[in-house]
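Student: One structure, pasted below without further comment.
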2 protein chains.
Amino acid sequence: MILIKDIQVDGLKKDVLIEGERIGRISSEPIVPPEGTEVFDGRGKALIPGFVNMHSHAAMILLRGIHEDLRLYDWLERIWKIEAVIDRNFVYQASRLACLEMIKGGTTCFNDHYWFAPETRRAALELGIRPVISFLFLDGHDKETARKQRLACERLYERSKEWNDSHGFAIGIHSVYTVSEENILWANNFALEHGLRVHMHLAETALEDSDCRREHGGLSPVGYFDRLGVLGSHTIAAHCLYLSDDDVEILGKRKVNCVHNINSNAKLASGFRFRYNELRDAGANLCLGTDGAASSNNLDMLETMKTTALFQKAWREDPTQMPLGELMDCATVNGARALGIECGAVKEGALADLSVVDLDNSYFLSPGTFLGNLVYSAHSDVISDVIAGGRFVMRGRKVEGEEEILEGARSVLGMIHSEK
Amino acid sequence: MILIKDIQVDGLKKDVLIEGERIGRISSEPIVPPEGTEVFDGRGKALIPGFVNMHSHAAMILLRGIHEDLRLYDWLERIWKIEAVIDRNFVYQASRLACLEMIKGGTTCFNDHYWFAPETRRAALELGIRPVISFLFLDGHDKETARKQRLACERLYERSKEWNDSHGFAIGIHSVYTVSEENILWANNFALEHGLRVHMHLAETALEDSDCRREHGGLSPVGYFDRLGVLGSHTIAAHCLYLSDDDVEILGKRKVNCVHNINSNAKLASGFRFRYNELRDAGANLCLGTDGAASSNNLDMLETMKTTALFQKAWREDPTQMPLGELMDCATVNGARALGIECGAVKEGALADLSVVDLDNSYFLSPGTFLGNLVYSAHSDVISDVIAGGRFVMRGRKVEGEEEILEGARSVLGMIHSEK
């Protein structure tokens, strides 16, 4: 058990008792620590929910910077060549580095989409944070690849049944342009049959939109996936940048979880006009993600929040856009809801996935609100401690085994250097 | 003297000897430290020029968050009400806090524009970094205010002649819409006569542009200032967002120093289409600034660089826009050139205004370039040490007197709380 004493929660001083993996009690009155409780001094600090990164390719952290200044399709083509040579150990070591970076940024849960997914899961569990991994369908319209992927998916699903965290396994459908219709249907049916979520890229570029319309009788990517029955509250759709009014209506009506990844979209020049207001009003659940660090170029949710707000205000030409409270929800509880995990909020009964923010610095010495200072002024290094599942995964900005994680990542870097 | 041993400079391991306030020698061969030299171990670190923040209102750091989500003119109106009550000591204490934040972000020189400017200068010199302050003309078209400002300007100029740093004093002309034509002409002539620079806001909003055209016979802010003879290589023009092709040509031909401040522009929804390429090609000198922390909301040049690149790539719909080398120049040497100060570069003979970057973290463990990793992946907390004028102003992320600076800032916060 951990008792956090005298910490700011939503602007008020509280004691927070963590019992097992959950928040047991939050009180304005002093809580007497039960015997054997670790007491954490929360004075001069604030408690926030751990961030939920809703779209990542964790292991791509070791591909960052390898190809800069390319458009998505050109970039993907080069990245895929490199990905053809990486192995299980590469993904494991890279994922450990990614989890280290995520923890340092206050992220306690992430929704990943990559090859050798169980290795990413292993890395995350070792570091103590909450992974959701996908079995990735990307068959390039090849029948044999498609068949093999279905078998491998079934095998991984069987393994996942033994996991404690039932929501840790999802189905990944890469995109409308990389997966055969047969496999899209199979994968989605498999997900629905077994109560799994489907994680996909959707409407990321103008080219994806025009190609899709040409190949599928004028249907947009959203329209096409909807015709196949893929869109629903079980779907987590990354990007959603190129949306007609009809597309917005569909995503809202189907209660799709849409994930905005502005840093990646802007850097690849894929687009930036994410229709936040319209999607929200239509009924979609809106979340934030970093995308892979190879395109974004880091896994920092706080930075992502600021960039999101700047772009929303700028392109709408309206400084009132993207209110802070909603922005924080997008980075925390909305993602938790999409994944069906009870984290993303500082409240009694929720999973104790929490970050401690140090207030003793220039950023918080201002008449602004805590949230305004956190998002617009500070950087993630104000996050001093991180708790996930009721356990400290970072203390005083130190993560256990940090040096060894860097060492492990260095050991596999050669694999891609030779393939550049 | 300081000898930095085995540090990466432009990707190569070097020894760097700092003699007095300048870089004496840079060598690939080991430099034997002269007696009494402090030796700094540069292994696992890289050396970069200190950033030159070309547009700041340092003391506004204590106004940040006070009014969020407003358009520039509404925001300015409220800010001006608060500024009416602040005093010398407020500006001094706030400027100290601002300098602390700038140092932590690797900024060693800044071009400021604010009331009680000598207090900002005093704060910066105490903390060891290089200020350029402006006497601020903002008369609201009131003749008596205008007259008083001219007298005060002359007095401050007389004082500045005793300063060691001849380039530390400039003339500030707030904008086309806040200063009378008489004062604009007087201030510019005064600057030209005494070899001073003029620091101004220019073409920041669409409203400024349309108002100016209405009031000045169709002339844009650039056209109007040019008619008055204000634009030249002595001019530092912040924002430059609303530019016709003719405006671009004028700014280029006159060799104006244009300062882009994307975080402030985007947050206030003033605009984001800074015509970087066109201005560069026309011959303008392009720099970066943070603007005041009340609108941006911090003084972080590294963050500003990333946001700049993301917006340039995004709105041009071209991922090759804003190459890293040019971006770095905008944040360093271009500003130094604009100010006539020999900083902003790691080279022999230059002023020793330098930042040390710690490479032992996830951000630099990638196949990317150093600059790519620094700008796109890292945050300013990778800057471990900062040297300005040949002296350490930060060591191991600690700035001397940090607690006392925070304390001093807290002591004046009440002044604005009551005026909110």
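Ligands are numbered from 1 in the order shown, residues from 1 within each chain, and chains are lettered A, B, ... in the order they appear in the structure tokens.
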Enumerate as a PyMOL selection string the residues belonging to chain B that approach chain A to within 8 Å, with only C-alpha atoms taken into account.
Tutor: chain B and resi 61-67+69-71+97-98+100-101+263+265-272+293+296-298+307+309-311+313-321+361-363+365-369+372-373+376-379+381+406+409-410+413+417
Student: Looking only at alpha helix (DSSP H) from DSSP on the backbone, list the matching residues of region 147-280 of chain B as JSON, numbers by chain.
Tutor: {"B": [147, 148, 149, 150, 151, 152, 153, 154, 155, 156, 157, 158, 159, 160, 181, 182, 183, 184, 185, 186, 187, 188, 189, 190, 191, 192, 193, 194, 206, 207, 208, 209, 210, 211, 212, 213, 214, 215, 221, 222, 223, 224, 225, 226, 227, 245, 246, 247, 248, 249, 250, 251, 252, 253, 262, 263, 264, 265, 266, 267, 276, 277, 278, 279, 280]}
Student: Put chain B on top of chain A with a least-squares fit on all C-alpha atoms, paired in order, and send it back as a compact mmCIF listing (two decimals) with C-alpha atoms, in the first residue's frame.
Tutor:
```txt
# COMPACT_ATOMS: atom_id res chain seq x y z
CA MET B 1 0.01 0.00 -0.02
CA ILE B 2 1.07 3.56 -0.74
CA LEU B 3 -0.26 6.65 1.02
CA ILE B 4 0.35 9.89 -0.84
CA LYS B 5 0.01 12.70 1.69
CA ASP B 6 -0.87 16.33 1.07
CA ILE B 7 -0.86 16.23 -2.70
CA GLN B 8 -2.88 18.48 -4.99
CA VAL B 9 -5.72 16.73 -6.79
CA ASP B 10 -7.79 19.04 -9.00
CA GLY B 11 -6.40 22.01 -7.10
CA LEU B 12 -7.24 20.73 -3.60
CA LYS B 13 -4.92 19.17 -1.05
CA LYS B 14 -5.73 15.50 -0.53
CA ASP B 15 -4.47 12.27 0.93
CA VAL B 16 -4.61 9.39 -1.55
CA LEU B 17 -4.44 5.79 -0.40
CA ILE B 18 -3.48 3.18 -2.95
CA GLU B 19 -4.58 -0.32 -2.04
CA GLY B 20 -3.27 -3.06 -4.29
CA GLU B 21 -3.55 -1.95 -7.88
CA ARG B 22 -6.37 0.52 -7.24
CA ILE B 23 -7.04 3.87 -5.62
CA GLY B 24 -8.71 2.95 -2.35
CA ARG B 25 -9.46 6.34 -0.83
CA ILE B 26 -9.11 10.01 -1.60
CA SER B 27 -9.72 12.33 1.32
CA SER B 28 -9.39 15.97 2.29
CA GLU B 29 -8.95 14.76 5.87
CA PRO B 30 -5.63 13.14 6.82
CA ILE B 31 -5.67 9.39 6.22
CA VAL B 32 -3.88 7.38 8.92
CA PRO B 33 -1.57 4.97 7.10
CA PRO B 34 -2.30 1.31 7.79
CA GLU B 35 0.72 -0.65 9.02
CA GLY B 36 3.28 -1.45 6.35
CA THR B 37 2.15 1.43 4.13
CA GLU B 38 4.75 3.41 2.22
CA VAL B 39 4.13 7.12 2.81
CA PHE B 40 4.94 9.49 -0.04
CA ASP B 41 5.25 13.19 0.72
CA GLY B 42 3.06 14.99 -1.81
CA ARG B 43 3.72 18.53 -0.63
CA GLY B 44 4.55 20.86 -3.53
CA LYS B 45 3.30 18.25 -5.95
CA ALA B 46 0.15 17.43 -7.90
CA LEU B 47 -1.37 14.09 -8.86
CA ILE B 48 -2.68 13.45 -12.37
CA PRO B 49 -3.89 10.34 -14.17
CA GLY B 50 -1.27 8.47 -16.15
CA PHE B 51 -1.55 9.21 -19.85
CA VAL B 52 -3.08 6.66 -22.20
CA ASN B 53 -1.20 6.73 -25.50
CA MET B 54 -3.83 5.47 -27.90
CA HIS B 55 -1.72 4.91 -30.99
CA SER B 56 1.87 3.77 -30.88
CA HIS B 57 4.33 1.52 -32.63
CA ALA B 58 6.62 1.29 -29.63
CA ALA B 59 9.50 -0.57 -31.23
CA MET B 60 9.80 2.00 -34.01
CA ILE B 61 11.61 4.18 -31.49
CA LEU B 62 14.83 2.67 -32.84
CA LEU B 63 13.91 3.67 -36.39
CA ARG B 64 13.50 7.31 -35.57
CA GLY B 65 15.48 9.72 -37.64
CA ILE B 66 16.37 7.00 -40.12
CA HIS B 67 14.40 8.60 -42.91
CA GLU B 68 13.39 12.20 -42.44
CA ASP B 69 11.52 14.56 -44.70
CA LEU B 70 9.52 12.02 -46.70
CA ARG B 71 5.83 11.68 -47.45
CA LEU B 72 3.97 8.84 -45.71
CA TYR B 73 3.93 6.37 -48.62
CA ASP B 74 7.60 6.93 -49.54
CA TRP B 75 8.51 6.81 -45.89
CA LEU B 76 6.53 3.61 -45.31
CA GLU B 77 8.19 1.93 -48.27
CA ARG B 78 11.65 2.54 -46.82
CA ILE B 79 10.57 1.69 -43.31
CA TRP B 80 9.07 -1.61 -44.51
CA LYS B 81 12.42 -2.58 -46.05
CA ILE B 82 14.08 -2.09 -42.70
CA GLU B 83 11.29 -3.85 -40.86
CA ALA B 84 11.86 -6.91 -43.05
CA VAL B 85 15.17 -7.51 -41.27
CA ILE B 86 14.26 -6.81 -37.66
CA ASP B 87 13.63 -9.69 -35.30
CA ARG B 88 11.98 -10.56 -32.03
CA ASN B 89 14.90 -9.36 -29.95
CA PHE B 90 14.99 -6.04 -31.78
CA VAL B 91 11.34 -5.47 -30.96
CA TYR B 92 11.87 -6.48 -27.35
CA GLN B 93 14.86 -4.22 -26.79
CA ALA B 94 13.31 -1.32 -28.69
CA SER B 95 10.04 -1.70 -26.82
CA ARG B 96 11.87 -1.53 -23.52
CA LEU B 97 13.43 1.74 -24.61
CA ALA B 98 10.01 2.99 -25.72
CA CYS B 99 8.46 2.06 -22.38
CA LEU B 100 11.27 3.88 -20.59
CA GLU B 101 10.55 7.01 -22.63
CA MET B 102 6.81 6.64 -22.09
CA ILE B 103 7.22 6.30 -18.33
CA LYS B 104 9.46 9.38 -18.25
CA GLY B 105 6.61 11.22 -19.94
CA GLY B 106 3.97 9.98 -17.52
CA THR B 107 2.36 7.41 -19.83
CA THR B 108 1.12 4.31 -18.01
CA CYS B 109 -0.92 2.59 -20.71
CA PHE B 110 -0.44 2.36 -24.46
CA ASN B 111 -2.28 0.89 -27.39
CA ASP B 112 0.32 -0.61 -29.70
CA HIS B 113 0.32 -1.84 -33.27
CA TYR B 114 3.42 -3.68 -34.44
CA TRP B 115 5.21 -6.85 -35.43
CA PHE B 116 6.29 -9.39 -32.78
CA ALA B 117 3.67 -7.81 -30.52
CA PRO B 118 4.17 -10.23 -27.60
CA GLU B 119 7.70 -8.88 -27.25
CA THR B 120 6.32 -5.39 -26.78
CA ARG B 121 3.91 -6.75 -24.19
CA ARG B 122 6.76 -8.49 -22.37
CA ALA B 123 8.81 -5.29 -22.30
CA ALA B 124 5.91 -3.23 -20.96
CA LEU B 125 5.03 -5.71 -18.22
CA GLU B 126 8.67 -5.86 -17.15
CA LEU B 127 8.74 -2.10 -16.82
CA GLY B 128 5.39 -2.17 -15.06
CA ILE B 129 3.08 -0.33 -17.44
CA ARG B 130 -0.05 -1.48 -19.19
CA PRO B 131 0.21 -2.60 -22.83
CA VAL B 132 -2.53 -3.32 -25.30
CA ILE B 133 -1.01 -5.13 -28.26
CA SER B 134 -2.54 -6.01 -31.61
CA PHE B 135 -2.05 -8.93 -33.85
CA LEU B 136 -1.21 -7.06 -37.02
CA PHE B 137 -2.92 -7.82 -40.32
CA LEU B 138 -0.92 -6.41 -43.22
CA ASP B 139 -1.00 -8.83 -46.09
CA GLY B 140 -0.29 -6.65 -49.10
CA HIS B 141 -3.25 -8.40 -50.78
CA ASP B 142 -1.28 -11.66 -50.91
CA LYS B 143 -3.46 -14.71 -50.27
CA GLU B 144 -0.75 -16.86 -48.71
CA THR B 145 0.38 -14.10 -46.35
CA ALA B 146 -3.27 -13.54 -45.47
CA ARG B 147 -3.76 -17.20 -44.63
CA LYS B 148 -0.63 -17.36 -42.48
CA GLN B 149 -1.63 -14.23 -40.60
CA ARG B 150 -5.02 -15.70 -39.76
CA LEU B 151 -3.40 -18.81 -38.32
CA ALA B 152 -0.87 -16.78 -36.36
CA CYS B 153 -3.66 -14.55 -35.08
CA GLU B 154 -5.61 -17.56 -33.79
CA ARG B 155 -2.51 -18.91 -32.06
CA LEU B 156 -1.74 -15.59 -30.37
CA TYR B 157 -5.36 -15.23 -29.29
CA GLU B 158 -5.20 -18.66 -27.65
CA ARG B 159 -2.08 -17.58 -25.75
CA SER B 160 -3.75 -14.33 -24.71
CA LYS B 161 -6.52 -16.20 -22.93
CA GLU B 162 -4.04 -17.07 -20.21
CA TRP B 163 -3.17 -13.44 -19.58
CA ASN B 164 -4.48 -11.66 -16.49
CA ASP B 165 -5.40 -8.54 -18.41
CA SER B 166 -8.18 -9.60 -20.71
CA HIS B 167 -8.09 -6.30 -22.57
CA GLY B 168 -4.42 -6.55 -23.44
CA PHE B 169 -4.97 -8.23 -26.80
CA ALA B 170 -6.53 -6.62 -29.87
CA ILE B 171 -6.74 -7.13 -33.60
CA GLY B 172 -4.79 -4.80 -35.84
CA ILE B 173 -5.99 -4.06 -39.36
CA HIS B 174 -3.26 -1.94 -40.86
CA SER B 175 -5.37 0.11 -43.29
CA VAL B 176 -7.76 0.02 -46.21
CA TYR B 177 -4.85 -0.05 -48.65
CA THR B 178 -2.64 -2.77 -47.16
CA VAL B 179 -5.07 -5.52 -46.18
CA SER B 180 -7.20 -7.68 -48.50
CA GLU B 181 -10.96 -7.39 -48.12
CA GLU B 182 -11.11 -11.06 -47.22
CA ASN B 183 -8.74 -10.55 -44.33
CA ILE B 184 -10.41 -7.33 -43.20
CA LEU B 185 -13.70 -9.22 -42.92
CA TRP B 186 -12.11 -12.23 -41.24
CA ALA B 187 -10.17 -10.13 -38.74
CA ASN B 188 -13.17 -8.00 -37.83
CA ASN B 189 -15.42 -11.01 -37.42
CA PHE B 190 -12.78 -12.68 -35.26
CA ALA B 191 -12.64 -9.57 -33.09
CA LEU B 192 -16.41 -9.34 -32.74
CA GLU B 193 -16.74 -13.04 -32.00
CA HIS B 194 -14.16 -12.89 -29.20
CA GLY B 195 -14.96 -9.46 -27.84
CA LEU B 196 -11.68 -7.93 -29.01
CA ARG B 197 -10.95 -4.42 -30.15
CA VAL B 198 -9.78 -3.55 -33.66
CA HIS B 199 -6.94 -1.04 -34.02
CA MET B 200 -6.43 0.52 -37.45
CA HIS B 201 -5.08 3.41 -39.47
CA LEU B 202 -7.90 5.31 -41.16
CA ALA B 203 -8.11 8.33 -43.44
CA GLU B 204 -4.53 9.36 -42.78
CA THR B 205 -3.66 10.96 -46.12
CA ALA B 206 -5.36 12.59 -49.08
CA LEU B 207 -3.87 9.89 -51.29
CA GLU B 208 -5.44 7.12 -49.20
CA ASP B 209 -8.76 8.86 -49.63
CA SER B 210 -8.52 9.30 -53.40
CA ASP B 211 -7.10 5.79 -53.97
CA CYS B 212 -9.88 4.26 -51.91
CA ARG B 213 -12.60 6.19 -53.75
CA ARG B 214 -11.18 5.05 -57.07
CA GLU B 215 -10.92 1.41 -56.06
CA HIS B 216 -14.14 1.09 -54.11
CA GLY B 217 -16.77 2.78 -56.22
CA GLY B 218 -16.41 6.24 -54.75
CA LEU B 219 -16.39 5.11 -51.15
CA SER B 220 -14.10 6.96 -48.75
CA PRO B 221 -11.95 4.85 -46.37
CA VAL B 222 -14.59 5.43 -43.68
CA GLY B 223 -17.40 4.55 -46.08
CA TYR B 224 -15.59 1.44 -47.27
CA PHE B 225 -14.79 0.15 -43.79
CA ASP B 226 -18.34 0.92 -42.75
CA ARG B 227 -19.72 -1.11 -45.65
CA LEU B 228 -17.58 -4.01 -44.42
CA GLY B 229 -19.04 -3.60 -40.92
CA VAL B 230 -15.68 -2.81 -39.38
CA LEU B 231 -16.64 0.43 -37.66
CA GLY B 232 -18.11 0.28 -34.19
CA SER B 233 -17.38 1.04 -30.55
CA HIS B 234 -14.85 -1.79 -30.70
CA THR B 235 -12.85 0.11 -33.32
CA ILE B 236 -9.87 2.33 -32.54
CA ALA B 237 -9.14 4.36 -35.64
CA ALA B 238 -5.90 6.29 -35.78
CA HIS B 239 -5.65 9.58 -37.72
CA CYS B 240 -9.12 10.26 -39.21
CA LEU B 241 -7.80 13.35 -40.96
CA TYR B 242 -9.63 13.23 -44.27
CA LEU B 243 -13.31 13.13 -43.42
CA SER B 244 -16.35 14.28 -45.33
CA ASP B 245 -19.42 15.34 -43.38
CA ASP B 246 -20.85 11.89 -44.08
CA ASP B 247 -17.70 10.27 -42.69
CA VAL B 248 -17.98 12.32 -39.51
CA GLU B 249 -21.59 11.25 -39.14
CA ILE B 250 -20.68 7.57 -39.59
CA LEU B 251 -17.82 7.70 -37.08
CA GLY B 252 -20.10 9.42 -34.59
CA LYS B 253 -23.06 7.13 -35.08
CA ARG B 254 -20.88 4.02 -34.80
CA LYS B 255 -19.23 5.43 -31.62
CA VAL B 256 -15.82 4.85 -33.11
CA ASN B 257 -12.78 5.73 -30.99
CA CYS B 258 -10.81 8.20 -33.13
CA VAL B 259 -7.17 8.84 -32.27
CA HIS B 260 -5.50 12.08 -33.28
CA ASN B 261 -1.70 12.00 -33.73
CA ILE B 262 -0.77 15.53 -34.69
CA ASN B 263 3.02 15.34 -34.36
CA SER B 264 3.25 12.47 -36.81
CA ASN B 265 0.66 13.95 -39.18
CA ALA B 266 2.36 17.35 -39.23
CA LYS B 267 5.91 16.04 -39.58
CA LEU B 268 4.97 13.77 -42.49
CA ALA B 269 2.84 16.61 -43.88
CA SER B 270 -0.06 14.18 -44.06
CA GLY B 271 -2.51 16.80 -42.85
CA PHE B 272 -3.57 18.66 -39.73
CA ARG B 273 -7.25 19.53 -40.00
CA PHE B 274 -8.52 16.99 -37.46
CA ARG B 275 -12.26 17.75 -37.12
CA TYR B 276 -12.28 17.54 -33.36
CA ASN B 277 -15.46 19.52 -32.72
CA GLU B 278 -17.53 17.82 -35.39
CA LEU B 279 -16.43 14.33 -34.36
CA ARG B 280 -17.10 15.04 -30.70
CA ASP B 281 -20.52 16.48 -31.45
CA ALA B 282 -21.37 13.54 -33.70
CA GLY B 283 -20.68 11.14 -30.82
CA ALA B 284 -17.22 9.71 -31.52
CA ASN B 285 -14.87 9.08 -28.60
CA LEU B 286 -11.76 11.20 -29.14
CA CYS B 287 -8.30 10.23 -27.98
CA LEU B 288 -4.68 11.22 -28.51
CA GLY B 289 -1.65 9.24 -29.54
CA THR B 290 1.95 9.84 -30.43
CA ASP B 291 2.13 7.38 -33.32
CA GLY B 292 5.51 5.67 -33.64
CA ALA B 293 8.54 7.70 -32.62
CA ALA B 294 9.95 7.16 -36.11
CA SER B 295 7.46 9.69 -37.42
CA SER B 296 6.45 11.86 -34.47
CA ASN B 297 9.45 11.84 -33.19
CA ASN B 298 8.89 10.89 -29.59
CA LEU B 299 6.37 9.26 -27.26
CA ASP B 300 5.56 12.36 -25.24
CA MET B 301 1.86 12.82 -24.56
CA LEU B 302 2.27 16.22 -22.91
CA GLU B 303 3.99 17.56 -25.99
CA THR B 304 1.29 15.96 -28.13
CA MET B 305 -1.38 17.73 -26.08
CA LYS B 306 0.21 21.14 -26.61
CA THR B 307 0.77 20.60 -30.32
CA THR B 308 -2.83 19.38 -30.65
CA ALA B 309 -4.18 22.53 -29.04
CA LEU B 310 -1.92 24.84 -31.06
CA PHE B 311 -2.98 23.28 -34.35
CA GLN B 312 -6.68 23.26 -33.43
CA LYS B 313 -6.61 26.94 -32.43
CA ALA B 314 -4.49 27.90 -35.44
CA TRP B 315 -6.34 26.18 -38.26
CA ARG B 316 -9.76 27.03 -36.87
CA GLU B 317 -8.51 30.61 -36.45
CA ASP B 318 -10.13 30.62 -33.02
CA PRO B 319 -8.17 30.74 -29.75
CA THR B 320 -11.03 29.22 -27.76
CA GLN B 321 -10.75 25.86 -29.55
CA MET B 322 -9.61 22.71 -27.74
CA PRO B 323 -10.41 23.52 -24.10
CA LEU B 324 -7.91 22.15 -21.59
CA GLY B 325 -10.33 19.86 -19.76
CA GLU B 326 -11.32 18.09 -22.95
CA LEU B 327 -7.70 17.90 -24.05
CA MET B 328 -6.80 16.19 -20.79
CA ASP B 329 -9.70 13.75 -21.19
CA CYS B 330 -8.48 12.90 -24.70
CA ALA B 331 -5.07 12.06 -23.27
CA THR B 332 -6.37 9.96 -20.39
CA VAL B 333 -9.89 8.79 -19.63
CA ASN B 334 -11.22 8.71 -23.20
CA GLY B 335 -8.45 6.29 -24.12
CA ALA B 336 -9.15 4.20 -21.05
CA ARG B 337 -12.82 4.03 -22.05
CA ALA B 338 -11.91 3.00 -25.58
CA LEU B 339 -9.77 0.17 -24.22
CA GLY B 340 -12.21 -0.85 -21.49
CA ILE B 341 -9.59 -0.31 -18.81
CA GLU B 342 -10.50 1.46 -15.57
CA CYS B 343 -7.60 3.89 -15.60
CA GLY B 344 -7.20 7.49 -16.72
CA ALA B 345 -8.78 9.19 -13.71
CA VAL B 346 -7.82 10.09 -10.17
CA LYS B 347 -10.85 8.68 -8.39
CA GLU B 348 -11.66 6.05 -5.83
CA GLY B 349 -11.88 2.59 -7.29
CA ALA B 350 -9.92 3.38 -10.43
CA LEU B 351 -6.68 1.63 -11.24
CA ALA B 352 -3.77 3.43 -9.60
CA ASP B 353 -2.08 4.56 -12.82
CA LEU B 354 -0.85 7.98 -11.77
CA SER B 355 1.80 10.62 -12.31
CA VAL B 356 3.21 13.00 -9.74
CA VAL B 357 3.95 16.51 -11.01
CA ASP B 358 6.60 18.61 -9.28
CA LEU B 359 5.27 22.16 -8.86
CA ASP B 360 8.47 23.74 -7.59
CA ASN B 361 9.67 25.35 -10.82
CA SER B 362 9.04 28.37 -13.01
CA TYR B 363 6.21 26.75 -14.97
CA PHE B 364 3.80 26.56 -12.07
CA LEU B 365 4.77 29.90 -10.60
CA SER B 366 2.09 31.76 -12.53
CA PRO B 367 -1.45 32.97 -12.05
CA GLY B 368 -2.63 30.39 -14.58
CA THR B 369 -4.46 27.17 -13.86
CA PHE B 370 -2.60 23.98 -13.03
CA LEU B 371 -3.72 22.32 -16.25
CA GLY B 372 -2.83 25.36 -18.36
CA ASN B 373 0.63 25.49 -16.84
CA LEU B 374 1.10 21.75 -17.23
CA VAL B 375 0.08 21.58 -20.87
CA TYR B 376 1.20 24.92 -22.27
CA SER B 377 4.22 25.85 -20.19
CA ALA B 378 5.86 22.76 -18.73
CA HIS B 379 7.56 19.78 -20.32
CA SER B 380 7.38 16.20 -19.22
CA ASP B 381 10.45 16.53 -16.99
CA VAL B 382 8.16 18.07 -14.33
CA ILE B 383 6.78 14.55 -13.87
CA SER B 384 8.83 13.32 -10.95
CA ASP B 385 7.21 9.96 -10.12
CA VAL B 386 4.97 7.52 -11.92
CA ILE B 387 2.77 4.82 -10.44
CA ALA B 388 1.20 2.07 -12.53
CA GLY B 389 -1.04 -0.65 -11.19
CA GLY B 390 -0.33 0.60 -7.68
CA ARG B 391 3.45 0.36 -7.96
CA PHE B 392 6.13 2.98 -8.50
CA VAL B 393 7.63 2.61 -11.97
CA MET B 394 9.58 5.86 -11.69
CA ARG B 395 10.87 7.60 -8.59
CA GLY B 396 12.57 11.00 -8.71
CA ARG B 397 12.80 10.63 -12.49
CA LYS B 398 14.75 7.38 -12.16
CA VAL B 399 13.44 4.17 -13.72
CA GLU B 400 14.92 0.95 -12.43
CA GLY B 401 17.36 -0.66 -14.86
CA GLU B 402 17.60 2.44 -17.03
CA GLU B 403 21.25 1.95 -17.98
CA GLU B 404 20.63 -1.65 -18.88
CA ILE B 405 17.69 -0.68 -21.08
CA LEU B 406 19.83 1.80 -23.01
CA GLU B 407 22.53 -0.86 -23.29
CA GLY B 408 20.06 -3.42 -24.64
CA ALA B 409 18.79 -0.96 -27.22
CA ARG B 410 22.32 -0.14 -28.33
CA SER B 411 22.99 -3.85 -28.83
CA VAL B 412 20.38 -4.15 -31.60
CA LEU B 413 20.95 -0.82 -33.35
CA GLY B 414 23.46 -2.36 -35.75
CA MET B 415 20.71 -4.46 -37.29
CA ILE B 416 19.15 -1.43 -38.93
CA HIS B 417 22.27 0.65 -39.50
CA SER B 418 23.39 -1.86 -42.10
CA GLU B 419 20.00 -1.71 -43.84
CA LYS B 420 19.72 2.04 -44.16
```
Student: As a ChimeraX atom specification, please: all residues of region 172-395 of chain B that backbone DSSP puts in strand (DSSP E).
Tutor: /B:172-173,197-202,235-239,257-260,285-288,354-358,383-388,391-394
